[in-house]
Amino acid sequence: MNISSFSYNCLGRQLLSYQRVIPVSILGSRFLYTPAALGLEGYIQVRERVKMQFSELGDRFRAKMKDFVSPDSVNMVFTEDLKHMVHLADATEDDLELIEEMMLKFNSQNKDLRFGSFIFGPVVMRMYYHLNRPKEALKVFLNPDLEHFFDQIISYQVLMDLLFKNEMYDEVMQVADVVKDKQIPNSRFPRNVVVLALAAAYKKNTPESLQYMKKLWAELQEAGHEPMRKAITFAAALAINQNAPHIALELLSAVPKQNYVTIRNLRVSALADVGRPDDALPILRSVLEMDGPQETKHTFCSEVIEKMKAAVSRCDKKEVHQEFQRVVDQLNQLGHVTDSSLDAQLCTEIDKVILTQARPRDQRVLAAKFNSGRGRGGDYPRPLNQRAGLRDME
């Protein structure tokens with residue numbers, strides 16, 4: 001059995017033992033996108049194969065590459081050199097410095113003439129993600145000498161999710177602004193980039209992040225962009241947290257289907273905050289009307305119910321008090337109230353690759369580098385080319 005087929009047969013065991021492959025620091029963190037959605041599984045597969053091939057040659061290869069990137073060296077860094085190093089790199093200062101120097105030399109020597117079709121941006125960002133090195137990833141992304149090296153939507157997404165996971169929310173929004181200013185044809189506002197930018201603004205939860213959200217939202221509206229539901233819920237939750245429930249209600253009205261768990265909870269929360277608990281009662285009742293043996297259990301967060309209770313207590317309408325108590329008793333009795341926090345529901349991981357719609361000639365920009373075989377598609381197995389819904393908790 002050759003090395004390649006052996007590595008493919010071992011893939012199942014590698015993915016099942018994912019925690020042995022990735023740094024421990026990643027395991028306790030919250031992703032916004034799952035590793036599968038970011039292509040990390042494919043990266044790990046190739047990484048294991050390359051490490052096996054270089055099991056006794058790794059140090060010698062590193063020494064050769066250090067010689068190649070020295071200022072007085074006339075040697076070129078070829079595509080295969082950089083591909084190997086990206087999959088061999090460990091989270092050491094020496095390896096990360098070598099990777100950066102190799103990228104700079106590779107990019108410089110290939111500015112006027114490029115024969116290779118391999119696109120490095122997504123793979124390099126997955127390397128930084130796997131090693132959990134957000135600062136180094138941001139540094140190379142912002143390096144003007146690597147301009148256009150990371151101009152792929154999946155590269156932006158992997159970088160921003162890495163920053164988000166490490167609670168570098170200002171930097172997430174910074175990257176989103178850089179992407180916006182790049183004016184990518186037909187993709188000025190990639191959907192997943194917008195989701196991550198608004199998620200960062202929500203997590204930061206400051207008056208400044210609210211202003212950032214409002215400005216970004218105005219730009220989205222002007223451009224005719226239709227945000228994903230996930231983006232809308234982050235924006236609405238931020239508005240509620242920043243005492244602007246009226247903004248949240250306007251944002252939520254843009255969602256075609258109002259029965260998603262996050263939408264229901266946010267609407268009830270916002271209506272309670274604006275002093276209209278009577279208008280929230282039909283939303284609470286709606287899950288009782290949908291209940292049935294074939295239906296998914298529709299729930300409300302206990303924190304939202306408590307907020308409604310406080311709003312009802314301030315209401316001077318006796319019938320509202322009575323109806324609220326009747327509905328809440330039924331919700332509790334039938335298991336429609338959950339202790340899961342609204343924040344946990346908002347940040348439920350997205351587990352499918354969602355590609356921004358584009359014409360065939362734009363797919364190179366969107367490529368996640370998953371195609372099987374060599375060349376333009378890289379070495380990673382292709383995922384299902386499917387636009388999936390978000391894993392909202394019903």
# chains A, B, ... in the order shown; residues from 1 in each chain; ligands from 1
$ residues_around --residues "A:Gln242" --least-positions-apart "5" --cutoff "12 Å" --atoms "only C-alpha atoms" --output "list in words"
Ala201, Tyr202, Lys203, Lys204, Asn205, Thr206, Pro207, Glu208, Ser209, Leu210, Gln211, Met213, Ala235, Ala236, Ala237, Ile247, Ala248, Ala270 and Asp273 of chain A
$ write_last_selection --atoms "N, CA and C atoms" --output "CSV table (one decimal), in the first residue's frame"
chain,number,residue,atom,x,y,z
A,201,ALA,N,-19.0,42.4,16.2
A,201,ALA,CA,-19.6,43.6,16.8
A,201,ALA,C,-20.5,43.3,18.0
A,202,TYR,N,-21.3,42.2,17.8
A,202,TYR,CA,-22.2,41.7,18.8
A,202,TYR,C,-21.4,41.3,20.1
A,203,LYS,N,-20.3,40.6,19.9
A,203,LYS,CA,-19.5,40.1,21.0
A,203,LYS,C,-18.8,41.3,21.7
A,204,LYS,N,-18.4,42.2,21.0
A,204,LYS,CA,-17.8,43.4,21.6
A,204,LYS,C,-18.8,44.2,22.4
A,205,ASN,N,-20.0,44.4,21.9
A,205,ASN,CA,-21.1,44.9,22.7
A,205,ASN,C,-20.8,46.3,23.3
A,206,THR,N,-20.4,47.2,22.5
A,206,THR,CA,-20.1,48.6,23.0
A,206,THR,C,-20.9,49.6,22.1
A,207,PRO,N,-21.1,50.8,22.6
A,207,PRO,CA,-21.7,51.8,21.7
A,207,PRO,C,-21.0,52.0,20.4
A,208,GLU,N,-19.7,51.8,20.4
A,208,GLU,CA,-18.9,51.9,19.1
A,208,GLU,C,-19.2,50.8,18.2
A,209,SER,N,-19.4,49.6,18.7
A,209,SER,CA,-19.7,48.4,17.9
A,209,SER,C,-21.1,48.6,17.3
A,210,LEU,N,-22.0,49.2,18.1
A,210,LEU,CA,-23.4,49.5,17.6
A,210,LEU,C,-23.3,50.4,16.4
A,211,GLN,N,-22.5,51.5,16.5
A,211,GLN,CA,-22.3,52.4,15.4
A,211,GLN,C,-21.7,51.7,14.2
A,213,MET,N,-22.1,48.6,13.4
A,213,MET,CA,-23.2,47.8,12.8
A,213,MET,C,-24.1,48.6,12.0
A,235,ALA,N,-26.9,41.3,14.5
A,235,ALA,CA,-27.2,42.8,14.5
A,235,ALA,C,-28.3,43.1,15.5
A,236,ALA,N,-29.4,42.4,15.5
A,236,ALA,CA,-30.5,42.6,16.3
A,236,ALA,C,-30.2,42.4,17.8
A,237,ALA,N,-29.4,41.4,18.1
A,237,ALA,CA,-29.0,41.1,19.5
A,237,ALA,C,-28.1,42.2,20.0
A,247,ILE,N,-34.4,49.4,17.0
A,247,ILE,CA,-33.6,49.0,15.8
A,247,ILE,C,-33.7,47.5,15.6
A,248,ALA,N,-33.7,46.7,16.7
A,248,ALA,CA,-33.7,45.3,16.6
A,248,ALA,C,-35.0,44.8,15.9
A,270,ALA,N,-37.1,42.1,22.4
A,270,ALA,CA,-37.2,43.5,22.0
A,270,ALA,C,-38.6,44.1,22.3
A,273,ASP,N,-38.7,45.0,25.9
A,273,ASP,CA,-37.9,46.2,26.2
A,273,ASP,C,-38.6,47.5,25.8
$ atom_distance --atom1 "atom CA of A:Pro277" --atom2 "atom CA of A:Asp329"
16.4 Å
$ residues_around --residues "A:Ala199" --least-positions-apart "2" --cutoff "10 Å" --atoms "only C-alpha atoms" --output "MDAnalysis selection string"
chainID A and resid 32 161 164 169 172:173 193:197 201:205 213 230:235 237:238 346:347
$ closest_residue --among "A:Arg264, A:Lys139, A:His87, A:His246" --to "A:Cys301" --atoms "only C-alpha atoms"
A:Arg264
$ atom_distance --atom1 "atom CA of A:Gln53" --atom2 "atom CA of A:Asp81"
13.6 Å
$ atom_distance --atom1 "atom CA of A:Ala344" --atom2 "atom CA of A:His298"
15.7 Å
$ residues_around --residues "A:Val158" --least-positions-apart "5" --cutoff "8 Å" --atoms "only C-alpha atoms" --output "list of chain:residue names"
A:Leu38, A:Pro122, A:Met125, A:Arg126, A:Tyr129
$ residues_around --residues "stretch 175-179 of chain A" --least-positions-apart "4" --cutoff "12 Å" --atoms "only C-alpha atoms" --output "PyMOL selection string"
chain A and resi 137-139+141-142+147-148+150-164+168-171+183-185+187-201+212-213+215-216+219
$ residues_around --residues "stretch 67-78 of chain A" --least-positions-apart "3" --cutoff "12 Å" --atoms "only C-alpha atoms" --output "MDAnalysis selection string"
chainID A and resid 60:64 81:85 97:110 114:116 118
$ write_last_selection --atoms "N, CA and C atoms" --output "PDB file, in the first residue's frame"
ATOM      1  N   ARG A  60      16.183  18.599   7.494  1.00  0.00           N
ATOM      2  CA  ARG A  60      17.038  18.898   6.356  1.00  0.00           C
ATOM      3  C   ARG A  60      16.325  19.824   5.364  1.00  0.00           C
ATOM      4  N   PHE A  61      15.028  19.576   5.164  1.00  0.00           N
ATOM      5  CA  PHE A  61      14.246  20.426   4.253  1.00  0.00           C
ATOM      6  C   PHE A  61      14.148  21.847   4.805  1.00  0.00           C
ATOM      7  N   ARG A  62      13.913  21.983   6.103  1.00  0.00           N
ATOM      8  CA  ARG A  62      13.838  23.315   6.713  1.00  0.00           C
ATOM      9  C   ARG A  62      15.162  24.055   6.529  1.00  0.00           C
ATOM     10  N   ALA A  63      16.274  23.372   6.754  1.00  0.00           N
ATOM     11  CA  ALA A  63      17.587  24.009   6.605  1.00  0.00           C
ATOM     12  C   ALA A  63      17.812  24.489   5.174  1.00  0.00           C
ATOM     13  N   LYS A  64      17.388  23.670   4.208  1.00  0.00           N
ATOM     14  CA  LYS A  64      17.535  24.059   2.805  1.00  0.00           C
ATOM     15  C   LYS A  64      16.698  25.300   2.503  1.00  0.00           C
ATOM     16  N   ASP A  81       7.843  23.605  -2.884  1.00  0.00           N
ATOM     17  CA  ASP A  81       8.561  23.936  -1.647  1.00  0.00           C
ATOM     18  C   ASP A  81       7.609  24.557  -0.630  1.00  0.00           C
ATOM     19  N   LEU A  82       6.867  25.554  -1.083  1.00  0.00           N
ATOM     20  CA  LEU A  82       5.968  26.261  -0.166  1.00  0.00           C
ATOM     21  C   LEU A  82       4.823  25.356   0.284  1.00  0.00           C
ATOM     22  N   LYS A  83       4.309  24.538  -0.632  1.00  0.00           N
ATOM     23  CA  LYS A  83       3.244  23.602  -0.249  1.00  0.00           C
ATOM     24  C   LYS A  83       3.715  22.656   0.846  1.00  0.00           C
ATOM     25  N   HIS A  84       4.920  22.131   0.684  1.00  0.00           N
ATOM     26  CA  HIS A  84       5.438  21.210   1.700  1.00  0.00           C
ATOM     27  C   HIS A  84       5.587  21.905   3.047  1.00  0.00           C
ATOM     28  N   MET A  85       6.142  23.097   3.042  1.00  0.00           N
ATOM     29  CA  MET A  85       6.419  23.777   4.303  1.00  0.00           C
ATOM     30  C   MET A  85       5.135  24.188   5.013  1.00  0.00           C
ATOM     31  N   GLU A  97       8.405  32.062  11.076  1.00  0.00           N
ATOM     32  CA  GLU A  97       9.239  33.060  10.389  1.00  0.00           C
ATOM     33  C   GLU A  97       9.674  32.545   9.024  1.00  0.00           C
ATOM     34  N   LEU A  98      10.005  31.266   8.946  1.00  0.00           N
ATOM     35  CA  LEU A  98      10.413  30.679   7.671  1.00  0.00           C
ATOM     36  C   LEU A  98       9.255  30.702   6.676  1.00  0.00           C
ATOM     37  N   ILE A  99       8.064  30.364   7.116  1.00  0.00           N
ATOM     38  CA  ILE A  99       6.887  30.389   6.243  1.00  0.00           C
ATOM     39  C   ILE A  99       6.677  31.793   5.672  1.00  0.00           C
ATOM     40  N   GLU A 100       6.762  32.789   6.528  1.00  0.00           N
ATOM     41  CA  GLU A 100       6.556  34.166   6.069  1.00  0.00           C
ATOM     42  C   GLU A 100       7.608  34.563   5.042  1.00  0.00           C
ATOM     43  N   GLU A 101       8.870  34.233   5.298  1.00  0.00           N
ATOM     44  CA  GLU A 101       9.941  34.582   4.361  1.00  0.00           C
ATOM     45  C   GLU A 101       9.774  33.843   3.032  1.00  0.00           C
ATOM     46  N   MET A 102       9.327  32.593   3.099  1.00  0.00           N
ATOM     47  CA  MET A 102       9.105  31.834   1.868  1.00  0.00           C
ATOM     48  C   MET A 102       7.952  32.429   1.056  1.00  0.00           C
ATOM     49  N   MET A 103       6.897  32.844   1.726  1.00  0.00           N
ATOM     50  CA  MET A 103       5.774  33.471   1.025  1.00  0.00           C
ATOM     51  C   MET A 103       6.208  34.765   0.349  1.00  0.00           C
ATOM     52  N   LEU A 104       6.987  35.564   1.067  1.00  0.00           N
ATOM     53  CA  LEU A 104       7.443  36.839   0.512  1.00  0.00           C
ATOM     54  C   LEU A 104       8.315  36.615  -0.719  1.00  0.00           C
ATOM     55  N   LYS A 105       9.222  35.672  -0.619  1.00  0.00           N
ATOM     56  CA  LYS A 105      10.093  35.417  -1.772  1.00  0.00           C
ATOM     57  C   LYS A 105       9.299  34.821  -2.923  1.00  0.00           C
ATOM     58  N   PHE A 106       8.430  33.872  -2.634  1.00  0.00           N
ATOM     59  CA  PHE A 106       7.605  33.247  -3.667  1.00  0.00           C
ATOM     60  C   PHE A 106       6.752  34.296  -4.373  1.00  0.00           C
ATOM     61  N   ASN A 107       6.139  35.174  -3.601  1.00  0.00           N
ATOM     62  CA  ASN A 107       5.270  36.204  -4.179  1.00  0.00           C
ATOM     63  C   ASN A 107       6.067  37.196  -5.008  1.00  0.00           C
ATOM     64  N   SER A 108       7.256  37.548  -4.533  1.00  0.00           N
ATOM     65  CA  SER A 108       8.085  38.517  -5.242  1.00  0.00           C
ATOM     66  C   SER A 108       8.609  37.963  -6.557  1.00  0.00           C
ATOM     67  N   GLN A 109       9.081  36.726  -6.546  1.00  0.00           N
ATOM     68  CA  GLN A 109       9.685  36.162  -7.753  1.00  0.00           C
ATOM     69  C   GLN A 109       8.638  35.792  -8.803  1.00  0.00           C
ATOM     70  N   ASN A 110       7.386  35.749  -8.398  1.00  0.00           N
ATOM     71  CA  ASN A 110       6.338  35.343  -9.327  1.00  0.00           C
ATOM     72  C   ASN A 110       5.421  36.485  -9.745  1.00  0.00           C
ATOM     73  N   ARG A 114       3.830  33.812 -13.727  1.00  0.00           N
ATOM     74  CA  ARG A 114       3.336  32.728 -12.888  1.00  0.00           C
ATOM     75  C   ARG A 114       2.960  31.544 -13.773  1.00  0.00           C
ATOM     76  N   PHE A 115       3.647  30.437 -13.565  1.00  0.00           N
ATOM     77  CA  PHE A 115       3.305  29.226 -14.292  1.00  0.00           C
ATOM     78  C   PHE A 115       2.367  28.345 -13.462  1.00  0.00           C
ATOM     79  N   GLY A 116       2.534  28.349 -12.159  1.00  0.00           N
ATOM     80  CA  GLY A 116       1.718  27.499 -11.308  1.00  0.00           C
ATOM     81  C   GLY A 116       0.315  28.040 -11.145  1.00  0.00           C
ATOM     82  N   PHE A 118      -1.654  26.810  -8.462  1.00  0.00           N
ATOM     83  CA  PHE A 118      -2.060  26.542  -7.089  1.00  0.00           C
ATOM     84  C   PHE A 118      -2.250  27.861  -6.348  1.00  0.00           C
TER      85      PHE A 118
END
$ select_by_dssp --residues "stretch 136-371 of chain A" --states "alpha helix (DSSP H)" --output "count of residues only"
150
$ closest_residue --among "A:Pro245, A:Tyr43, A:Leu57, A:Thr92" --to "A:Val124" --atoms "only C-alpha atoms"
A:Tyr43
$ closest_residue --among "A:Trp217, A:Asp279, A:Ala272, A:Ala223" --to "A:Leu251" --atoms "only C-alpha atoms"
A:Trp217
$ residues_around --residues "A:Asp278" --least-positions-apart "4" --cutoff "12 Å" --atoms "only C-alpha atoms" --output "list in words"
Val268, Leu271, Ala272, Asp273, Val274, Pro282, Ile283, Leu284, Arg285, Met308, Lys309, Ala311, Val312, Ser313, Arg314, Cys315, Asp316, Lys317, Lys318, Glu319, Val320, His321, Gln322, Glu323 and Phe324 of chain A
$ decode --residues "stretch 51-90 of chain A" --atoms "N, CA and C atoms" --output "PDB file, in the first residue's frame"
ATOM      1  N   LYS A  51       3.724  15.012   6.414  1.00  0.00           N
ATOM      2  CA  LYS A  51       4.590  14.732   7.559  1.00  0.00           C
ATOM      3  C   LYS A  51       5.122  13.302   7.505  1.00  0.00           C
ATOM      4  N   MET A  52       4.302  12.392   7.008  1.00  0.00           N
ATOM      5  CA  MET A  52       4.747  11.011   6.877  1.00  0.00           C
ATOM      6  C   MET A  52       5.853  10.910   5.825  1.00  0.00           C
ATOM      7  N   GLN A  53       5.670  11.618   4.731  1.00  0.00           N
ATOM      8  CA  GLN A  53       6.654  11.582   3.657  1.00  0.00           C
ATOM      9  C   GLN A  53       7.984  12.208   4.077  1.00  0.00           C
ATOM     10  N   PHE A  54       7.915  13.204   4.967  1.00  0.00           N
ATOM     11  CA  PHE A  54       9.124  13.908   5.406  1.00  0.00           C
ATOM     12  C   PHE A  54       9.544  13.503   6.820  1.00  0.00           C
ATOM     13  N   SER A  55       9.143  12.334   7.230  1.00  0.00           N
ATOM     14  CA  SER A  55       9.391  11.919   8.609  1.00  0.00           C
ATOM     15  C   SER A  55      10.868  11.961   8.993  1.00  0.00           C
ATOM     16  N   GLU A  56      11.748  11.698   8.038  1.00  0.00           N
ATOM     17  CA  GLU A  56      13.184  11.715   8.329  1.00  0.00           C
ATOM     18  C   GLU A  56      13.921  12.823   7.598  1.00  0.00           C
ATOM     19  N   LEU A  57      13.173  13.648   6.880  1.00  0.00           N
ATOM     20  CA  LEU A  57      13.812  14.683   6.066  1.00  0.00           C
ATOM     21  C   LEU A  57      13.393  16.092   6.453  1.00  0.00           C
ATOM     22  N   GLY A  58      12.493  16.211   7.454  1.00  0.00           N
ATOM     23  CA  GLY A  58      11.941  17.515   7.796  1.00  0.00           C
ATOM     24  C   GLY A  58      12.980  18.551   8.159  1.00  0.00           C
ATOM     25  N   ASP A  59      13.892  18.207   9.029  1.00  0.00           N
ATOM     26  CA  ASP A  59      14.903  19.175   9.474  1.00  0.00           C
ATOM     27  C   ASP A  59      15.829  19.571   8.324  1.00  0.00           C
ATOM     28  N   ARG A  60      16.183  18.599   7.494  1.00  0.00           N
ATOM     29  CA  ARG A  60      17.038  18.898   6.356  1.00  0.00           C
ATOM     30  C   ARG A  60      16.325  19.824   5.364  1.00  0.00           C
ATOM     31  N   PHE A  61      15.028  19.576   5.164  1.00  0.00           N
ATOM     32  CA  PHE A  61      14.246  20.426   4.253  1.00  0.00           C
ATOM     33  C   PHE A  61      14.148  21.847   4.805  1.00  0.00           C
ATOM     34  N   ARG A  62      13.913  21.983   6.103  1.00  0.00           N
ATOM     35  CA  ARG A  62      13.838  23.315   6.713  1.00  0.00           C
ATOM     36  C   ARG A  62      15.162  24.055   6.529  1.00  0.00           C
ATOM     37  N   ALA A  63      16.274  23.372   6.754  1.00  0.00           N
ATOM     38  CA  ALA A  63      17.587  24.009   6.605  1.00  0.00           C
ATOM     39  C   ALA A  63      17.812  24.489   5.174  1.00  0.00           C
ATOM     40  N   LYS A  64      17.388  23.670   4.208  1.00  0.00           N
ATOM     41  CA  LYS A  64      17.535  24.059   2.805  1.00  0.00           C
ATOM     42  C   LYS A  64      16.698  25.300   2.503  1.00  0.00           C
ATOM     43  N   MET A  65      15.458  25.350   3.018  1.00  0.00           N
ATOM     44  CA  MET A  65      14.595  26.496   2.758  1.00  0.00           C
ATOM     45  C   MET A  65      15.136  27.763   3.428  1.00  0.00           C
ATOM     46  N   LYS A  66      15.715  27.621   4.607  1.00  0.00           N
ATOM     47  CA  LYS A  66      16.316  28.785   5.257  1.00  0.00           C
ATOM     48  C   LYS A  66      17.450  29.350   4.417  1.00  0.00           C
ATOM     49  N   ASP A  67      18.195  28.455   3.790  1.00  0.00           N
ATOM     50  CA  ASP A  67      19.267  28.896   2.893  1.00  0.00           C
ATOM     51  C   ASP A  67      18.698  29.582   1.660  1.00  0.00           C
ATOM     52  N   PHE A  68      17.585  29.065   1.137  1.00  0.00           N
ATOM     53  CA  PHE A  68      16.985  29.618  -0.075  1.00  0.00           C
ATOM     54  C   PHE A  68      16.432  31.028   0.135  1.00  0.00           C
ATOM     55  N   VAL A  69      15.948  31.320   1.347  1.00  0.00           N
ATOM     56  CA  VAL A  69      15.336  32.632   1.576  1.00  0.00           C
ATOM     57  C   VAL A  69      16.326  33.662   2.105  1.00  0.00           C
ATOM     58  N   SER A  70      17.558  33.279   2.288  1.00  0.00           N
ATOM     59  CA  SER A  70      18.552  34.246   2.748  1.00  0.00           C
ATOM     60  C   SER A  70      18.733  35.330   1.691  1.00  0.00           C
ATOM     61  N   PRO A  71      19.045  36.568   2.112  1.00  0.00           N
ATOM     62  CA  PRO A  71      19.112  37.699   1.175  1.00  0.00           C
ATOM     63  C   PRO A  71      20.059  37.493   0.004  1.00  0.00           C
ATOM     64  N   ASP A  72      21.151  36.774   0.205  1.00  0.00           N
ATOM     65  CA  ASP A  72      22.139  36.618  -0.863  1.00  0.00           C
ATOM     66  C   ASP A  72      21.927  35.346  -1.688  1.00  0.00           C
ATOM     67  N   SER A  73      20.811  34.633  -1.456  1.00  0.00           N
ATOM     68  CA  SER A  73      20.560  33.401  -2.189  1.00  0.00           C
ATOM     69  C   SER A  73      19.943  33.695  -3.555  1.00  0.00           C
ATOM     70  N   VAL A  74      20.395  32.960  -4.565  1.00  0.00           N
ATOM     71  CA  VAL A  74      19.828  33.100  -5.918  1.00  0.00           C
ATOM     72  C   VAL A  74      18.817  31.987  -6.193  1.00  0.00           C
ATOM     73  N   ASN A  75      18.614  31.099  -5.250  1.00  0.00           N
ATOM     74  CA  ASN A  75      17.674  30.008  -5.423  1.00  0.00           C
ATOM     75  C   ASN A  75      16.234  30.507  -5.350  1.00  0.00           C
ATOM     76  N   MET A  76      15.376  29.868  -6.107  1.00  0.00           N
ATOM     77  CA  MET A  76      13.969  30.218  -6.100  1.00  0.00           C
ATOM     78  C   MET A  76      13.202  29.300  -5.149  1.00  0.00           C
ATOM     79  N   VAL A  77      12.105  29.821  -4.606  1.00  0.00           N
ATOM     80  CA  VAL A  77      11.170  29.019  -3.822  1.00  0.00           C
ATOM     81  C   VAL A  77      10.065  28.587  -4.767  1.00  0.00           C
ATOM     82  N   PHE A  78       9.985  27.295  -5.024  1.00  0.00           N
ATOM     83  CA  PHE A  78       8.994  26.782  -5.967  1.00  0.00           C
ATOM     84  C   PHE A  78       7.683  26.455  -5.255  1.00  0.00           C
ATOM     85  N   THR A  79       6.663  26.254  -6.066  1.00  0.00           N
ATOM     86  CA  THR A  79       5.334  25.942  -5.529  1.00  0.00           C
ATOM     87  C   THR A  79       5.375  24.751  -4.587  1.00  0.00           C
ATOM     88  N   GLU A  80       6.040  23.695  -4.999  1.00  0.00           N
ATOM     89  CA  GLU A  80       6.087  22.498  -4.168  1.00  0.00           C
ATOM     90  C   GLU A  80       6.821  22.750  -2.855  1.00  0.00           C
ATOM     91  N   ASP A  81       7.843  23.605  -2.884  1.00  0.00           N
ATOM     92  CA  ASP A  81       8.561  23.936  -1.647  1.00  0.00           C
ATOM     93  C   ASP A  81       7.609  24.557  -0.630  1.00  0.00           C
ATOM     94  N   LEU A  82       6.867  25.554  -1.083  1.00  0.00           N
ATOM     95  CA  LEU A  82       5.968  26.261  -0.166  1.00  0.00           C
ATOM     96  C   LEU A  82       4.823  25.356   0.284  1.00  0.00           C
ATOM     97  N   LYS A  83       4.309  24.538  -0.632  1.00  0.00           N
ATOM     98  CA  LYS A  83       3.244  23.602  -0.249  1.00  0.00           C
ATOM     99  C   LYS A  83       3.715  22.656   0.846  1.00  0.00           C
ATOM    100  N   HIS A  84       4.920  22.131   0.684  1.00  0.00           N
ATOM    101  CA  HIS A  84       5.438  21.210   1.700  1.00  0.00           C
ATOM    102  C   HIS A  84       5.587  21.905   3.047  1.00  0.00           C
ATOM    103  N   MET A  85       6.142  23.097   3.042  1.00  0.00           N
ATOM    104  CA  MET A  85       6.419  23.777   4.303  1.00  0.00           C
ATOM    105  C   MET A  85       5.135  24.188   5.013  1.00  0.00           C
ATOM    106  N   VAL A  86       4.124  24.569   4.240  1.00  0.00           N
ATOM    107  CA  VAL A  86       2.844  24.946   4.837  1.00  0.00           C
ATOM    108  C   VAL A  86       2.214  23.771   5.575  1.00  0.00           C
ATOM    109  N   HIS A  87       2.493  22.557   5.112  1.00  0.00           N
ATOM    110  CA  HIS A  87       1.930  21.380   5.766  1.00  0.00           C
ATOM    111  C   HIS A  87       2.869  20.768   6.814  1.00  0.00           C
ATOM    112  N   LEU A  88       4.124  21.181   6.807  1.00  0.00           N
ATOM    113  CA  LEU A  88       5.074  20.686   7.802  1.00  0.00           C
ATOM    114  C   LEU A  88       5.174  21.597   9.018  1.00  0.00           C
ATOM    115  N   ALA A  89       4.794  22.847   8.866  1.00  0.00           N
ATOM    116  CA  ALA A  89       5.062  23.862   9.886  1.00  0.00           C
ATOM    117  C   ALA A  89       4.450  23.516  11.232  1.00  0.00           C
ATOM    118  N   ASP A  90       5.222  23.743  12.277  1.00  0.00           N
ATOM    119  CA  ASP A  90       4.741  23.645  13.650  1.00  0.00           C
ATOM    120  C   ASP A  90       4.605  25.055  14.217  1.00  0.00           C
TER     121      ASP A  90
END
